[in-house]
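Q: So here's input05.pdb (PDB, C-alpha atoms).
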```pdb
MODEL        1
ATOM      1  CA  MET E   1     -40.097 -12.607 -54.311
ATOM      2  CA  SER E   2     -40.404  -9.020 -53.170
ATOM      3  CA  LEU E   3     -38.594  -7.939 -50.048
ATOM      4  CA  THR E   4     -41.924  -6.744 -48.671
ATOM      5  CA  ASP E   5     -43.150 -10.379 -48.866
ATOM      6  CA  VAL E   6     -40.445 -11.383 -46.400
ATOM      7  CA  GLU E   7     -41.413 -11.469 -42.749
ATOM      8  CA  ILE E   8     -40.464  -8.184 -41.097
ATOM      9  CA  GLN E   9     -37.434  -8.673 -38.891
ATOM     10  CA  THR E  10     -36.085  -6.051 -36.552
ATOM     11  CA  HIS E  11     -32.583  -5.830 -35.123
ATOM     12  CA  HIS E  12     -31.099  -3.631 -32.446
ATOM     13  CA  ASN E  13     -28.308  -2.548 -34.809
ATOM     14  CA  PRO E  14     -29.814  -1.250 -38.081
ATOM     15  CA  LEU E  15     -26.641  -2.199 -39.957
ATOM     16  CA  GLU E  16     -27.580  -5.855 -39.511
ATOM     17  CA  VAL E  17     -30.803  -5.110 -41.385
ATOM     18  CA  VAL E  18     -28.850  -3.396 -44.167
ATOM     19  CA  GLU E  19     -26.587  -6.434 -44.471
ATOM     20  CA  HIS E  20     -29.651  -8.689 -44.673
ATOM     21  CA  VAL E  21     -31.265  -6.560 -47.407
ATOM     22  CA  ALA E  22     -28.011  -6.443 -49.413
ATOM     23  CA  ALA E  23     -27.696 -10.227 -49.158
ATOM     24  CA  LEU E  24     -31.255 -10.675 -50.489
ATOM     25  CA  ARG E  25     -30.332  -8.531 -53.518
ATOM     26  CA  GLU E  26     -27.053 -10.433 -53.878
ATOM     27  CA  TRP E  27     -25.091  -7.190 -53.616
ATOM     28  CA  SER E  28     -21.578  -7.091 -52.225
ATOM     29  CA  CYS E  29     -21.549  -5.823 -48.656
ATOM     30  CA  GLU E  30     -18.663  -5.071 -46.310
ATOM     31  CA  ARG E  31     -18.430  -3.773 -42.767
ATOM     32  CA  SER E  32     -16.099  -0.801 -42.798
ATOM     33  CA  GLY E  33     -16.259  -0.509 -39.032
ATOM     34  CA  LEU E  34     -18.606  -1.071 -36.117
ATOM     35  CA  ASP E  35     -20.901   1.718 -37.266
ATOM     36  CA  GLU E  36     -20.550   1.534 -41.072
ATOM     37  CA  VAL E  37     -21.500  -0.842 -43.866
ATOM     38  CA  THR E  38     -20.668  -0.331 -47.533
ATOM     39  CA  VAL E  39     -22.848  -1.898 -50.233
ATOM     40  CA  LEU E  40     -21.856  -2.089 -53.897
ATOM     41  CA  ALA E  41     -24.760  -1.996 -56.357
ATOM     42  CA  LYS E  42     -24.692  -2.285 -60.129
ATOM     43  CA  GLY E  43     -26.969   0.128 -61.957
ATOM     44  CA  GLN E  44     -27.818   0.808 -65.581
ATOM     45  CA  TRP E  45     -25.570   3.873 -65.816
ATOM     46  CA  ALA E  46     -22.928   3.215 -63.171
ATOM     47  CA  ASP E  47     -21.865   1.153 -60.197
ATOM     48  CA  TYR E  48     -22.890   2.711 -56.911
ATOM     49  CA  GLN E  49     -21.107   2.684 -53.570
ATOM     50  CA  ILE E  50     -23.696   3.025 -50.833
ATOM     51  CA  SER E  51     -22.403   3.748 -47.343
ATOM     52  CA  PHE E  52     -24.681   3.275 -44.352
ATOM     53  CA  THR E  53     -23.547   4.852 -41.100
ATOM     54  CA  TRP E  54     -25.271   4.233 -37.778
ATOM     55  CA  MET E  55     -24.983   7.414 -35.702
ATOM     56  CA  HIS E  56     -25.799   5.980 -32.289
ATOM     57  CA  ASP E  57     -25.772   9.324 -30.432
ATOM     58  CA  LEU E  58     -28.288  10.826 -32.878
ATOM     59  CA  GLU E  59     -30.183   7.555 -33.390
ATOM     60  CA  VAL E  60     -29.968   8.043 -37.147
ATOM     61  CA  LEU E  61     -29.097   5.660 -39.956
ATOM     62  CA  HIS E  62     -27.404   7.792 -42.618
ATOM     63  CA  VAL E  63     -27.071   6.633 -46.226
ATOM     64  CA  ALA E  64     -24.762   8.157 -48.847
ATOM     65  CA  CYS E  65     -24.790   6.822 -52.411
ATOM     66  CA  ALA E  66     -21.914   7.862 -54.677
ATOM     67  CA  PHE E  67     -20.945   7.019 -58.238
ATOM     68  CA  ASP E  68     -17.613   7.216 -60.004
ATOM     69  CA  MET E  69     -17.701  10.662 -61.591
ATOM     70  CA  LYS E  70     -15.180  13.198 -60.373
ATOM     71  CA  ILE E  71     -16.319  16.732 -61.165
ATOM     72  CA  PRO E  72     -13.549  18.883 -62.668
ATOM     73  CA  ASP E  73     -13.045  22.282 -61.044
ATOM     74  CA  ALA E  74     -14.150  24.028 -64.239
ATOM     75  CA  ARG E  75     -17.605  22.353 -64.068
ATOM     76  CA  LYS E  76     -18.268  22.562 -60.303
ATOM     77  CA  THR E  77     -20.289  25.783 -60.535
ATOM     78  CA  GLU E  78     -22.585  24.390 -63.223
ATOM     79  CA  VAL E  79     -22.918  21.075 -61.369
ATOM     80  CA  GLY E  80     -23.883  23.076 -58.255
ATOM     81  CA  LYS E  81     -26.660  24.718 -60.289
ATOM     82  CA  LEU E  82     -27.741  21.302 -61.553
ATOM     83  CA  ILE E  83     -27.860  19.925 -57.998
ATOM     84  CA  ALA E  84     -30.072  22.838 -56.938
ATOM     85  CA  LEU E  85     -32.461  22.084 -59.821
ATOM     86  CA  ILE E  86     -32.486  18.375 -59.020
ATOM     87  CA  ASN E  87     -33.048  18.930 -55.298
ATOM     88  CA  GLU E  88     -36.124  21.038 -56.112
ATOM     89  CA  GLN E  89     -37.599  17.870 -57.669
ATOM     90  CA  MET E  90     -36.657  15.541 -54.802
ATOM     91  CA  TRP E  91     -39.180  14.501 -52.167
ATOM     92  CA  ILE E  92     -36.851  12.135 -50.343
ATOM     93  CA  GLY E  93     -33.131  12.727 -49.860
ATOM     94  CA  HIS E  94     -30.933  15.201 -51.674
ATOM     95  CA  PHE E  95     -27.763  15.440 -53.742
ATOM     96  CA  ASP E  96     -24.547  17.067 -52.524
ATOM     97  CA  LEU E  97     -21.293  17.988 -54.216
ATOM     98  CA  TRP E  98     -18.344  17.365 -51.958
ATOM     99  CA  THR E  99     -16.124  20.143 -53.220
ATOM    100  CA  ALA E 100     -12.872  18.816 -51.724
ATOM    101  CA  SER E 101     -13.140  15.442 -53.487
ATOM    102  CA  GLY E 102     -15.277  16.535 -56.449
ATOM    103  CA  LEU E 103     -17.775  13.699 -55.855
ATOM    104  CA  VAL E 104     -21.541  13.869 -56.186
ATOM    105  CA  MET E 105     -23.629  11.777 -53.831
ATOM    106  CA  HIS E 106     -27.224  11.221 -52.858
ATOM    107  CA  ARG E 107     -27.824  11.425 -49.104
ATOM    108  CA  HIS E 108     -30.713  10.583 -46.832
ATOM    109  CA  ALA E 109     -31.286   9.473 -43.241
ATOM    110  CA  LEU E 110     -33.674   7.286 -41.298
ATOM    111  CA  VAL E 111     -34.438   8.675 -37.840
ATOM    112  CA  LEU E 112     -34.827   5.904 -35.249
ATOM    113  CA  THR E 113     -35.218   7.879 -32.030
ATOM    114  CA  GLY E 114     -36.736   6.500 -28.873
ATOM    115  CA  GLY E 115     -35.556   2.934 -29.384
ATOM    116  CA  VAL E 116     -37.335   2.445 -32.723
ATOM    117  CA  GLU E 117     -35.743  -0.422 -34.627
ATOM    118  CA  ALA E 118     -35.094  -0.464 -38.369
ATOM    119  CA  THR E 119     -37.007  -2.978 -40.468
ATOM    120  CA  SER E 120     -36.122  -4.668 -43.744
ATOM    121  CA  PRO E 121     -38.741  -2.668 -45.717
ATOM    122  CA  GLN E 122     -37.367   0.610 -44.336
ATOM    123  CA  CYS E 123     -33.775  -0.279 -45.261
ATOM    124  CA  GLU E 124     -34.914  -1.596 -48.648
ATOM    125  CA  THR E 125     -36.578   1.761 -49.280
ATOM    126  CA  LEU E 126     -33.408   3.638 -48.287
ATOM    127  CA  LEU E 127     -31.378   1.527 -50.725
ATOM    128  CA  ALA E 128     -33.926   1.729 -53.537
ATOM    129  CA  THR E 129     -34.473   5.484 -53.155
ATOM    130  CA  ALA E 130     -30.746   6.216 -53.293
ATOM    131  CA  VAL E 131     -30.069   4.021 -56.336
ATOM    132  CA  GLU E 132     -33.199   5.197 -58.195
ATOM    133  CA  ALA E 133     -32.294   8.866 -57.653
ATOM    134  CA  CYS E 134     -28.758   8.284 -58.925
ATOM    135  CA  GLU E 135     -30.029   6.301 -61.916
ATOM    136  CA  ARG E 136     -32.578   8.993 -62.796
ATOM    137  CA  TYR E 137     -30.156  11.928 -62.661
ATOM    138  CA  PHE E 138     -26.853  10.322 -63.689
ATOM    139  CA  PRO E 139     -27.383  11.331 -67.361
ATOM    140  CA  ALA E 140     -27.896  14.964 -66.306
ATOM    141  CA  PHE E 141     -24.587  14.951 -64.433
ATOM    142  CA  GLN E 142     -22.913  13.342 -67.434
ATOM    143  CA  PHE E 143     -24.362  15.948 -69.832
ATOM    144  CA  THR E 144     -23.193  18.764 -67.586
ATOM    145  CA  VAL E 145     -19.707  17.405 -66.871
ATOM    146  CA  TRP E 146     -18.668  15.703 -70.111
ATOM    147  CA  ALA E 147     -20.863  17.332 -72.762
ATOM    148  CA  GLY E 148     -20.523  20.846 -71.320
ATOM    149  CA  LYS E 149     -24.299  21.399 -71.214
ATOM    150  CA  SER E 150     -25.910  23.948 -68.933
ATOM    151  CA  ALA E 151     -27.747  22.739 -65.843
ATOM    152  CA  GLN E 152     -31.099  23.657 -67.418
ATOM    153  CA  ASP E 153     -30.346  21.779 -70.659
ATOM    154  CA  ALA E 154     -29.107  18.735 -68.757
ATOM    155  CA  MET E 155     -32.250  18.669 -66.591
ATOM    156  CA  GLY E 156     -34.467  18.907 -69.668
ATOM    157  CA  ALA E 157     -32.704  15.956 -71.255
ATOM    158  CA  ALA E 158     -32.727  13.881 -68.049
ATOM    159  CA  LEU E 159     -36.413  14.429 -67.348
ATOM    160  CA  PHE E 160     -37.525  13.724 -70.914
ATOM    161  CA  GLU E 161     -39.605  10.547 -70.894
ATOM    162  CA  THR E 162     -41.025   8.811 -73.919
ATOM    163  CA  ALA E 163     -44.542   7.420 -73.914
ATOM    164  CA  GLY E 164     -45.974   4.642 -76.016
ATOM    165  CA  GLU E 165     -44.233   2.433 -78.533
ATOM    166  CA  ALA E 166     -42.724   3.112 -81.927
TER
ENDMDL
END
```
The structure given in the file should be rewritten as structure tokens.

A:
Amino acid sequence: MSLTDVEIQTHHNPLEVVEHVAALREWSCERSGLDEVTVLAKGQWADYQISFTWMHDLEVLHVACAFDMKIPDARKTEVGKLIALINEQMWIGHFDLWTASGLVMHRHALVLTGGVEATSPQCETLLATAVEACERYFPAFQFTVWAGKSAQDAMGAALFETAGEA
């Protein structure tokens, strides 16, 4: 059953919707506070920690998806170049390098101004977009950090797709 087949439910607090979507996927979910929920998702390349923060004053649901790959200081410049190349390809969300912690994360936000309520399909899309972006570009980060490849070489390898069958 697809989440879009489920009757659309709205909630005043969008974090309740996030918790509902995570439960449907059978992903671990924990309230970190009144305005934050953390979801743990297993991917092909890594496990992802997805933090949803409800910013009541701005009426924005912010999502940040991180994976366990600390960027060494010696590779931060090249990873910054890689992030710029990746972000040029992104239509939704973007990647950031948090220089203090050395973590890469995908970030996006859902604007809910004027009393608009979040729906399950919207939150499902936020989750799916974050995980899919991390899954798509994780190999490029790995090539840059651990294999010492340039940002351009890592992007070429990450975007290479095979067609047909052997």

Q: The PyMOL selection byres ((chain E and resi 96-101) around 9) - which residues does that actually catch in the file I just gave you? List them as an MDAnalysis selection string.

A: chainID E and resid 70:71 73 76 79:80 83 94:95 102:107

Q: Atom CA of E:Ala22 to atom CA of E:Asn87: how many Å, to one decimal?

A: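 If I compute the distance from atom CA of E:Ala22 to atom CA of E:Asn87, I get 26.5 Å.
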
Q: I'd like the neighbourhood of E:Ala23 as a PyMOL selection string, where a residue qualifies if any of its atoms comes within 12 Å (using all atoms listed in the file), though same-chain residues fewer than 4 positions away should be ignored.

A: chain E and resi 3+16-19+27-30+39-41+120+124

Q: Skipping near chain neighbours, those fewer than 4 positions away, what residues fall within 9 Å of E:Ser150 using all atoms listed in the file, listed as a PyMOL selection string?

A: chain E and resi 78-79+81-82+143-144+154-155

Q: In Å, with one decimal, what is the gap from atom CA of E:His62 to atom CA of E:Phe141?

A: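 So the two atoms, atom CA of E:His62 and atom CA of E:Phe141, lie 23.1 Å apart.
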
Q: For the file shown, report as a PyMOL selection string the outcome of the PyMOL selection byres ((chain E and resi 15) around 9) at residue level.

A: chain E and resi 11-14+16-20+31+34-37+52-54+61+118

Q: Kindly give the distance, in Å, that separates atom CA of E:Gly148 and atom CA of E:His108, rounded to a single decimal.

A: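 The value is 28.4 Å.
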
Q: When the PyMOL selection byres ((chain E and resi 111) around 10) is applied to the structure above, which residues does it catch, written out as a list in words?

A: Met55, Leu58, Glu59, Val60, Leu61, His62, His108, Ala109, Leu110, Leu112, Thr113, Gly114, Val116, Glu117 and Ala118 of chain E

Q: Using all atoms listed in the file for the distances, tell me which of E:Leu159, E:Lys42, E:Ala74, E:Leu127 is nearest to E:Gln89.

A: E:Leu159

Q: Looking at all atoms listed in the file, which of E:Thr129, E:Gly33, E:Trp146, E:Val21 is the one that sits closest to E:Cys65?

A: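 Under the stated criterion, the closest residue is E:Thr129.
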
Q: Can you work out which one of E:Ile86, E:Ala151, E:Ala66, E:Ala140 has the shortest atom-to-atom distance to E:Ala46, counting all atoms listed in the file?

A: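 Of E:Ile86, E:Ala151, E:Ala66, E:Ala140, the one nearest E:Ala46, counting all atoms listed in the file, is E:Ala66.
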
Q: When you count only C-alpha atoms, which of these residues is closest to E:Cys134: E:Thr38, E:Phe67, E:Gly156, E:Ser51?

A: E:Phe67

Q: Out of E:Gly115, E:Ala130, E:Val145, E:Arg75, which residue has the shortest atom-to-atom distance to E:Asp57 when counting all atoms listed in the file?

A: E:Gly115
